[in-house]
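*Asks:* Mind looking over this structure? Questions follow.
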There are 4 protein chains.
Amino acid sequence: MSFAYFRSDEKRPSGRPRSELARKSILDATARLLQRVSLRNLAIENIAREAGVGKTTIYRWWPNKAAIVIDAFFEEVEQRTAFERAPTAVEAIRDQVVRMVHTIGGPIGRIAAQIIAEGQSNPDVLAHFREVFLLQRRAAATEIFRTGIANGEFRHDLDIELAIDLIYGPIWYRLMVGHQPLDEELANRLPRLSISALLQVSVTA
Amino acid sequence: MSFAYFRSDEKRPSGRPRSELARKSILDATARLLQRVSLRNLAIENIAREAGVGKTTIYRWWPNKAAIVIDAFFEEVEQRTAFERAPTAVEAIRDQVVRMVHTIGGPIGRIAAQIIAEGQSNPDVLAHFREVFLLQRRAAATEIFRTGIANGEFRHDLDIELAIDLIYGPIWYRLMVGHQPLDEELANRLPRLSISALLQVSVTA
Amino acid sequence: MSFAYFRSDEKRPSGRPRSELARKSILDATARLLQRVSLRNLAIENIAREAGVGKTTIYRWWPNKAAIVIDAFFEEVEQRTAFERAPTAVEAIRDQVVRMVHTIGGPIGRIAAQIIAEGQSNPDVLAHFREVFLLQRRAAATEIFRTGIANGEFRHDLDIELAIDLIYGPIWYRLMVGHQPLDEELANRLPRLSISALLQVSVTA
Amino acid sequence: MSFAYFRSDEKRPSGRPRSELARKSILDATARLLQRVSLRNLAIENIAREAGVGKTTIYRWWPNKAAIVIDAFFEEVEQRTAFERAPTAVEAIRDQVVRMVHTIGGPIGRIAAQIIAEGQSNPDVLAHFREVFLLQRRAAATEIFRTGIANGEFRHDLDIELAIDLIYGPIWYRLMVGHQPLDEELANRLPRLSISALLQVSVTA
DNA sequence: CACTAAACGAGACGGTACGTCGAGTCTTGGA
DNA sequence: TCCAAGACTCGACGTACCGTCTCGTTTAGTG
């Protein structure tokens with residue numbers, strides 16, 4: 001589900017068809033270059049040269065370099081960070097948070113950070129990132145929380161959006177600022193601590 | 001405590017002294033321009049023109065534009081997000097979180113976001129940001145948490161670093177990704193929700 | 001026969017072809033600007049602005065500003081200082097010297113002086129100037145001298161290279177040093193005086 | 001007889017006197033640097049650094065870098081290219097031309113060429129050069145020519161200025177354009193050829 | 001012997017132009 | 001109609017020197 005897909009949608013095919021080979025080698029070249037340079041310092045000219053492709057071809061199909069990167073990396077991420085069946089909502093969330101720490105702590109996280117950074121000066125990039133990467137995940141999480149509220153695991157007055165931010169915020173915070181690691185310890189402790197804030201009976205200090 | 005300060009440290013003064021006027025007008029011009037453009041799109045040439053200053057003068061004192069921005073903003077930010085006296089640790093934290101939401105939700109937050117973004121392709125920038133802005137605040141927070149643990153408000157086994165991330169993570173997350181607003185509602189609910197995870201007796205799972 | 005010509009030699013054409021319009025307006029702008037400023041103070045940035053052209057386009061086709069100037073001026077100079085048919089070698093030379101004094105005494109001369117000046121710190125420029133401007137003229141002069149020697153007008157032992165320097169030296173000397181004018185009087189007297197040194201029987205020492 | 005001399009003339013001495021040491025080390029540094037770079041590429045900043053001197057001190061005493069170079073090189077040249085006693089005017093001139101070819105063919109010539117080049121974009125430099133280096137020599141030559149005319153060696157209608165240009169023009173021409181060497185052969189042949197144009201009885205072709 | 005006044009080194013200042021890089025657009029010929 | 005190649009205009013980069021301007025520090029002579 002790429003930018004390119006949306007843009008070439010609905011067209012009556014006529015003339016020479018899009019070259020699948022060009023598309024692949026652009027995405028490959030991008031992935032290869034991102035091993036070495038930041039998204040910021042990734043020049044579209046270099047992608048074109050590395051891919052053996054005209055710049056025009058890139059500009060024809062992607063609006064900016066972040067869009068290429070999103071195409072290159074985030075189609076396959078989908079399943080890696082999806083929620084999976086679990087006996088209770090708490091456990092479903094805990095499991096997913098653990099997977100999320102692992103994913104964001106790895107190379108995918110680095111890419112995501114680059115894209116968010118790029119997004120600070122380009123709202124389209126940020127919006128596209130939210131759409132492609134975040135919103136679906138948050139929708140799934142919302143579903144789990146609803147279930148958890150319904151079956152009495154969580155407070156009935158839970159603000160779900162805030163709950164999601166409470167759980168994932170620390171992960172993204174550490175990713176972007178780098179003051180603390182995204183390691184196994186976090187994977188262990190974060191769900192325990194954050195979920196405790198959501199549970200049925202809490203305390204009034 | 002600025003970049004510039006460190007660089008001109010310990011020198012026996014010789015030759016024409018640094019112009020305080022130039023320094024001020026550079027920082028002012030930077031602040032003014034950042035209202036309109038992102039740090040990414042902020043050209044040093046424009047700062048120089050706006051400040052009525054030679055480019056050389058800028059390059060002489062700051063290694064990159066992020067350093068200018070850090071100098072320009074974080075002196076005044078200091079006091080705005082400091083912890084203040086409060087009867088209990090919980091209240092001290094709640095008050096500070098509210099102030100933080102307000103600050104990060106405003107123009108200062110936008111600047112901070114720009115710096116963190118810049119930091120994704122420039123580790124020095126990120127490190128400098130952590131040093132001058134974050135770590136001091138986190139140290140102060142740590143102090144409060146220690147007090148809160150000592151007087152029985154908080155769990156005795158609290159992981160303070162994680163606790164800080166739990167409380168502030170959502171704020172930075174929203175700042176950087178922009179999926180939800182940093183508004184009054186957040187200022188109200190975030191401290192209540194997050195602090196509940198830290199309290200002495202909290203759960204019946 | 002321009003710098004540019006040499007560089008684009010032998011290439012199979014591919015991609016967008018060079019813009020003739022850009023080339024022309026660069027050379028025109030250069031000519032226009034050189035009326036007002038010296039080659040030394042002629043900024044490539046100003047040529048670009050005046051020509052409505054990117055700096056890159058200039059740097060793509062010319063290695064330095066002297067090369068632009070040589071391209072701009074010496075095509076048209078060609079015919080103005082050529083030798084023309086005349087009954088005797090002496091007359092052919094006299095006529096050409098007169099034309100030369102006029103040409104070098106005018107704006108063309110000023111340009112030539114600028115190029116020679118530039119050549120003092122850049123051997124390539126000087127070599128290129130000799131090639132495209134001087135050597136051809138000297139070759140033509142050599143031909144005339146040979147004829148003159150053959151038909152008995154000139155000494156049979158004439159050192160042709162030196163003879164050429166004797167005739168043209170004073171012109172260039174005045175051009176570069178400016179201690180005396182390149183005026184009508186010179187046009188009248190120089191050929192009479194210098195040629196007298198070359199004639200068959202000339203001296204009673 | 002330097003620029004500096006003229007400028008500080010007539011002053012009642014008061015305050016710290018000019019440092020002879022600074023003056024020397026500036027001229028020395030200039031001479032040293034000119035071994036490696038052209039006058040064009042000789043930066044006053046570098047002279048100052050090399051001489052261990054403030055830029056101000058240079059600007060206080062010399063109006064431009066050519067003036068420094070003239071001070072550095074041409075005080076001593078005087079005698080080397082002066083006319084000397086000889087039995088006839090012809091011989092006096094021949095001898096002086098030979099010395100001139102040697103001098104201009106050497107490092108002094110290279111410097112002179114640099115200054116003339118600089119002079120093409122700075123009339124003051126050229127005027128100063130003529131004053132300091134040329135005019136005195138030409139005045140001396142004029143004297144010799146007058147003698148030669150008076151005693152019947154030269155044509156009575158000789159245009160002396162033109163005669164001087166005829167004799168020295170080839171030397172400067174070769175110096176500036178470099179199409180032919182300033183070698184022993186020139187020293188031999190040039191005076192013989194050029195002087196023959198000046199002699200009493202010539203030919204009408 | 002202190003005082004005055006200019007020269008000194010150092011180096012920061014506002015500028016201008018440099019030559020390079022990359023952005024995004026345009027224009028060829030060939031597939 | 002797409003594609004590669006590569007030219008195009010444009011704008012900013014970081015650097016080098018320019019000539020000017022403070023500074024604090026000599027270094028004479030004068031009072």
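Quick note on naming: the chains in the structure tokens go A, B, ... in the order shown, residues restart at 1 in each chain, and ligands are numbered from 1 in order of appearance.
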May I have the residues of chain B within 9 Å of chain E, counting only C-alpha atoms (C1' of nucleotides), written as a PyMOL selection string?
*Replies:* chain B and resi 14-19+22+52-57
*Asks:* Residues near B:Ala43, anyone? I mean within 10 Å using only C-alpha atoms (C1' of nucleotides), not counting same-chain ones fewer than 3 positions away, as a VMD selection string.
*Replies:* (chain B and resid 30 33 37 to 40 46 to 49 65) or (chain F and resid 11 to 13)
*Asks:* What are the residues of chain D lining chain C at 7 Å or less? Count only C-alpha atoms, and put the answer as an mmCIF file with N, CA and C atoms, in the first residue's frame.
*Replies:*
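What ended up in out-v1.cif:
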data_model
loop_
_atom_site.group_PDB
_atom_site.id
_atom_site.type_symbol
_atom_site.label_atom_id
_atom_site.label_comp_id
_atom_site.auth_asym_id
_atom_site.auth_seq_id
_atom_site.Cartn_x
_atom_site.Cartn_y
_atom_site.Cartn_z
ATOM 1 N N SER D 38 51.483 33.498 -6.894
ATOM 2 C CA SER D 38 51.458 34.706 -7.716
ATOM 3 C C SER D 38 51.001 35.888 -6.866
ATOM 4 N N ARG D 40 48.715 37.793 -7.524
ATOM 5 C CA ARG D 40 47.267 37.661 -7.522
ATOM 6 C C ARG D 40 46.768 36.833 -6.344
ATOM 7 N N ALA D 113 56.114 41.378 -14.078
ATOM 8 C CA ALA D 113 54.946 40.912 -14.828
ATOM 9 C C ALA D 113 53.727 40.830 -13.915
ATOM 10 N N GLN D 114 53.925 40.324 -12.724
ATOM 11 C CA GLN D 114 52.828 40.225 -11.756
ATOM 12 C C GLN D 114 52.256 41.604 -11.447
ATOM 13 N N ILE D 116 52.458 44.391 -13.310
ATOM 14 C CA ILE D 116 51.737 44.923 -14.469
ATOM 15 C C ILE D 116 50.363 44.265 -14.575
ATOM 16 N N ALA D 117 50.331 42.969 -14.318
ATOM 17 C CA ALA D 117 49.048 42.255 -14.365
ATOM 18 C C ALA D 117 48.082 42.854 -13.344
ATOM 19 N N GLU D 118 48.555 42.985 -12.128
ATOM 20 C CA GLU D 118 47.736 43.597 -11.082
ATOM 21 C C GLU D 118 47.262 44.977 -11.531
ATOM 22 N N GLN D 120 46.381 46.015 -14.334
ATOM 23 C CA GLN D 120 45.288 46.050 -15.308
ATOM 24 C C GLN D 120 43.936 46.258 -14.645
ATOM 25 N N SER D 121 43.844 45.946 -13.356
ATOM 26 C CA SER D 121 42.564 46.195 -12.683
ATOM 27 C C SER D 121 42.707 47.255 -11.600
ATOM 28 N N LEU D 126 49.538 50.496 -11.521
ATOM 29 C CA LEU D 126 50.267 50.663 -12.765
ATOM 30 C C LEU D 126 51.033 51.989 -12.758
ATOM 31 N N ASP D 165 60.382 52.448 -27.172
ATOM 32 C CA ASP D 165 59.409 51.358 -27.240
ATOM 33 C C ASP D 165 59.840 50.278 -28.221
ATOM 34 N N LEU D 166 60.477 50.707 -29.303
ATOM 35 C CA LEU D 166 60.919 49.734 -30.302
ATOM 36 C C LEU D 166 61.966 48.799 -29.702
ATOM 37 N N GLY D 169 60.107 47.213 -26.202
ATOM 38 C CA GLY D 169 58.818 46.548 -26.442
ATOM 39 C C GLY D 169 58.939 45.038 -26.571
ATOM 40 N N PRO D 170 59.827 44.548 -27.430
ATOM 41 C CA PRO D 170 59.954 43.096 -27.588
ATOM 42 C C PRO D 170 60.255 42.372 -26.285
ATOM 43 N N TRP D 172 59.415 43.269 -23.122
ATOM 44 C CA TRP D 172 58.217 43.199 -22.273
ATOM 45 C C TRP D 172 57.144 42.317 -22.908
ATOM 46 N N TYR D 173 57.077 42.378 -24.210
ATOM 47 C CA TYR D 173 56.116 41.538 -24.935
ATOM 48 C C TYR D 173 56.367 40.069 -24.613
ATOM 49 N N MET D 176 55.487 39.233 -20.937
ATOM 50 C CA MET D 176 54.074 39.135 -20.569
ATOM 51 C C MET D 176 53.349 37.988 -21.267
ATOM 52 N N VAL D 177 53.709 37.718 -22.509
ATOM 53 C CA VAL D 177 52.957 36.730 -23.284
ATOM 54 C C VAL D 177 53.627 35.362 -23.294
ATOM 55 N N LEU D 193 69.316 44.306 -34.265
ATOM 56 C CA LEU D 193 68.200 44.541 -35.184
ATOM 57 C C LEU D 193 67.518 45.879 -34.918
ATOM 58 N N SER D 194 67.193 46.124 -33.669
ATOM 59 C CA SER D 194 66.388 47.307 -33.388
ATOM 60 C C SER D 194 67.186 48.595 -33.590
ATOM 61 N N SER D 196 69.426 49.123 -35.672
ATOM 62 C CA SER D 196 69.617 49.392 -37.100
ATOM 63 C C SER D 196 68.511 50.279 -37.665
ATOM 64 N N ALA D 197 67.341 50.283 -36.963
ATOM 65 C CA ALA D 197 66.250 51.127 -37.445
ATOM 66 C C ALA D 197 66.459 52.597 -37.106
ATOM 67 N N LEU D 199 69.446 54.249 -37.161
ATOM 68 C CA LEU D 199 70.702 54.854 -37.612
ATOM 69 C C LEU D 199 70.517 55.895 -38.713
ATOM 70 N N VAL D 201 71.734 56.792 -41.825
ATOM 71 C CA VAL D 201 71.349 56.553 -43.208
ATOM 72 C C VAL D 201 70.664 55.205 -43.306
ATOM 73 N N SER D 202 69.460 55.273 -43.745
ATOM 74 C CA SER D 202 68.744 54.034 -43.937
ATOM 75 C C SER D 202 68.368 53.942 -45.411
ATOM 76 N N VAL D 203 67.392 53.171 -45.695
ATOM 77 C CA VAL D 203 67.063 52.925 -47.095
ATOM 78 C C VAL D 203 65.638 53.356 -47.389
#
*Asks:* Write out as a tab-separated table a residue-level contact list of chain F versus chain B with cut-off 8 Å: for each qualifying residue the closest pair of atoms and the distance in Å to one decimal, counting only C-alpha atoms (C1' of nucleotides), rows sorted by chain and residue number upward.
*Replies:*
residue	atom	partner	partner_atom	distance
F:DA12	C1'	B:Ala43	CA	6.9
F:DT22	C1'	B:Arg16	CA	5.0
F:DC23	C1'	B:Arg16	CA	4.6
F:DG24	C1'	B:Ser14	CA	7.1
*Asks:* Quick one: superpose chain D on chain C on all Cα atoms, same order, and give the RMSD.
*Replies:*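 That comparison of chain C with chain D gives 0.6 Å.
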*Asks:* Between C:Asn151, C:Arg60, C:Ile104, C:Asp95, which is the closest to E:DT20 once you count only C-alpha atoms (C1' of nucleotides)?
*Replies:*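 Smallest distance to E:DT20 is found for C:Arg60.
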*Asks:* Can you list, as number ranges by chain, every residue of chain B that DSSP puts in alpha helix (DSSP H)?
*Replies:* B: 3-7, 20-34, 44-51, 55-61, 65-80, 89-105, 107-119, 123-129, 136-150, 160-177, 184-196
*Asks:* What does the distance between atom CA of A:Gly109 and atom CA of A:Val69 come to in Å, to one decimal place?
*Replies:* 12.6 Å
*Asks:* Tell me, in Å to one decimal, how far atom CA of A:Ile68 is from atom CA of A:Ala31.
*Replies:* 9.4 Å
*Asks:* Could you work out how far atom CA of D:Gln96 lies from atom CA of D:Phe83, giving the answer in Å with one decimal?
*Replies:* 5.7 Å
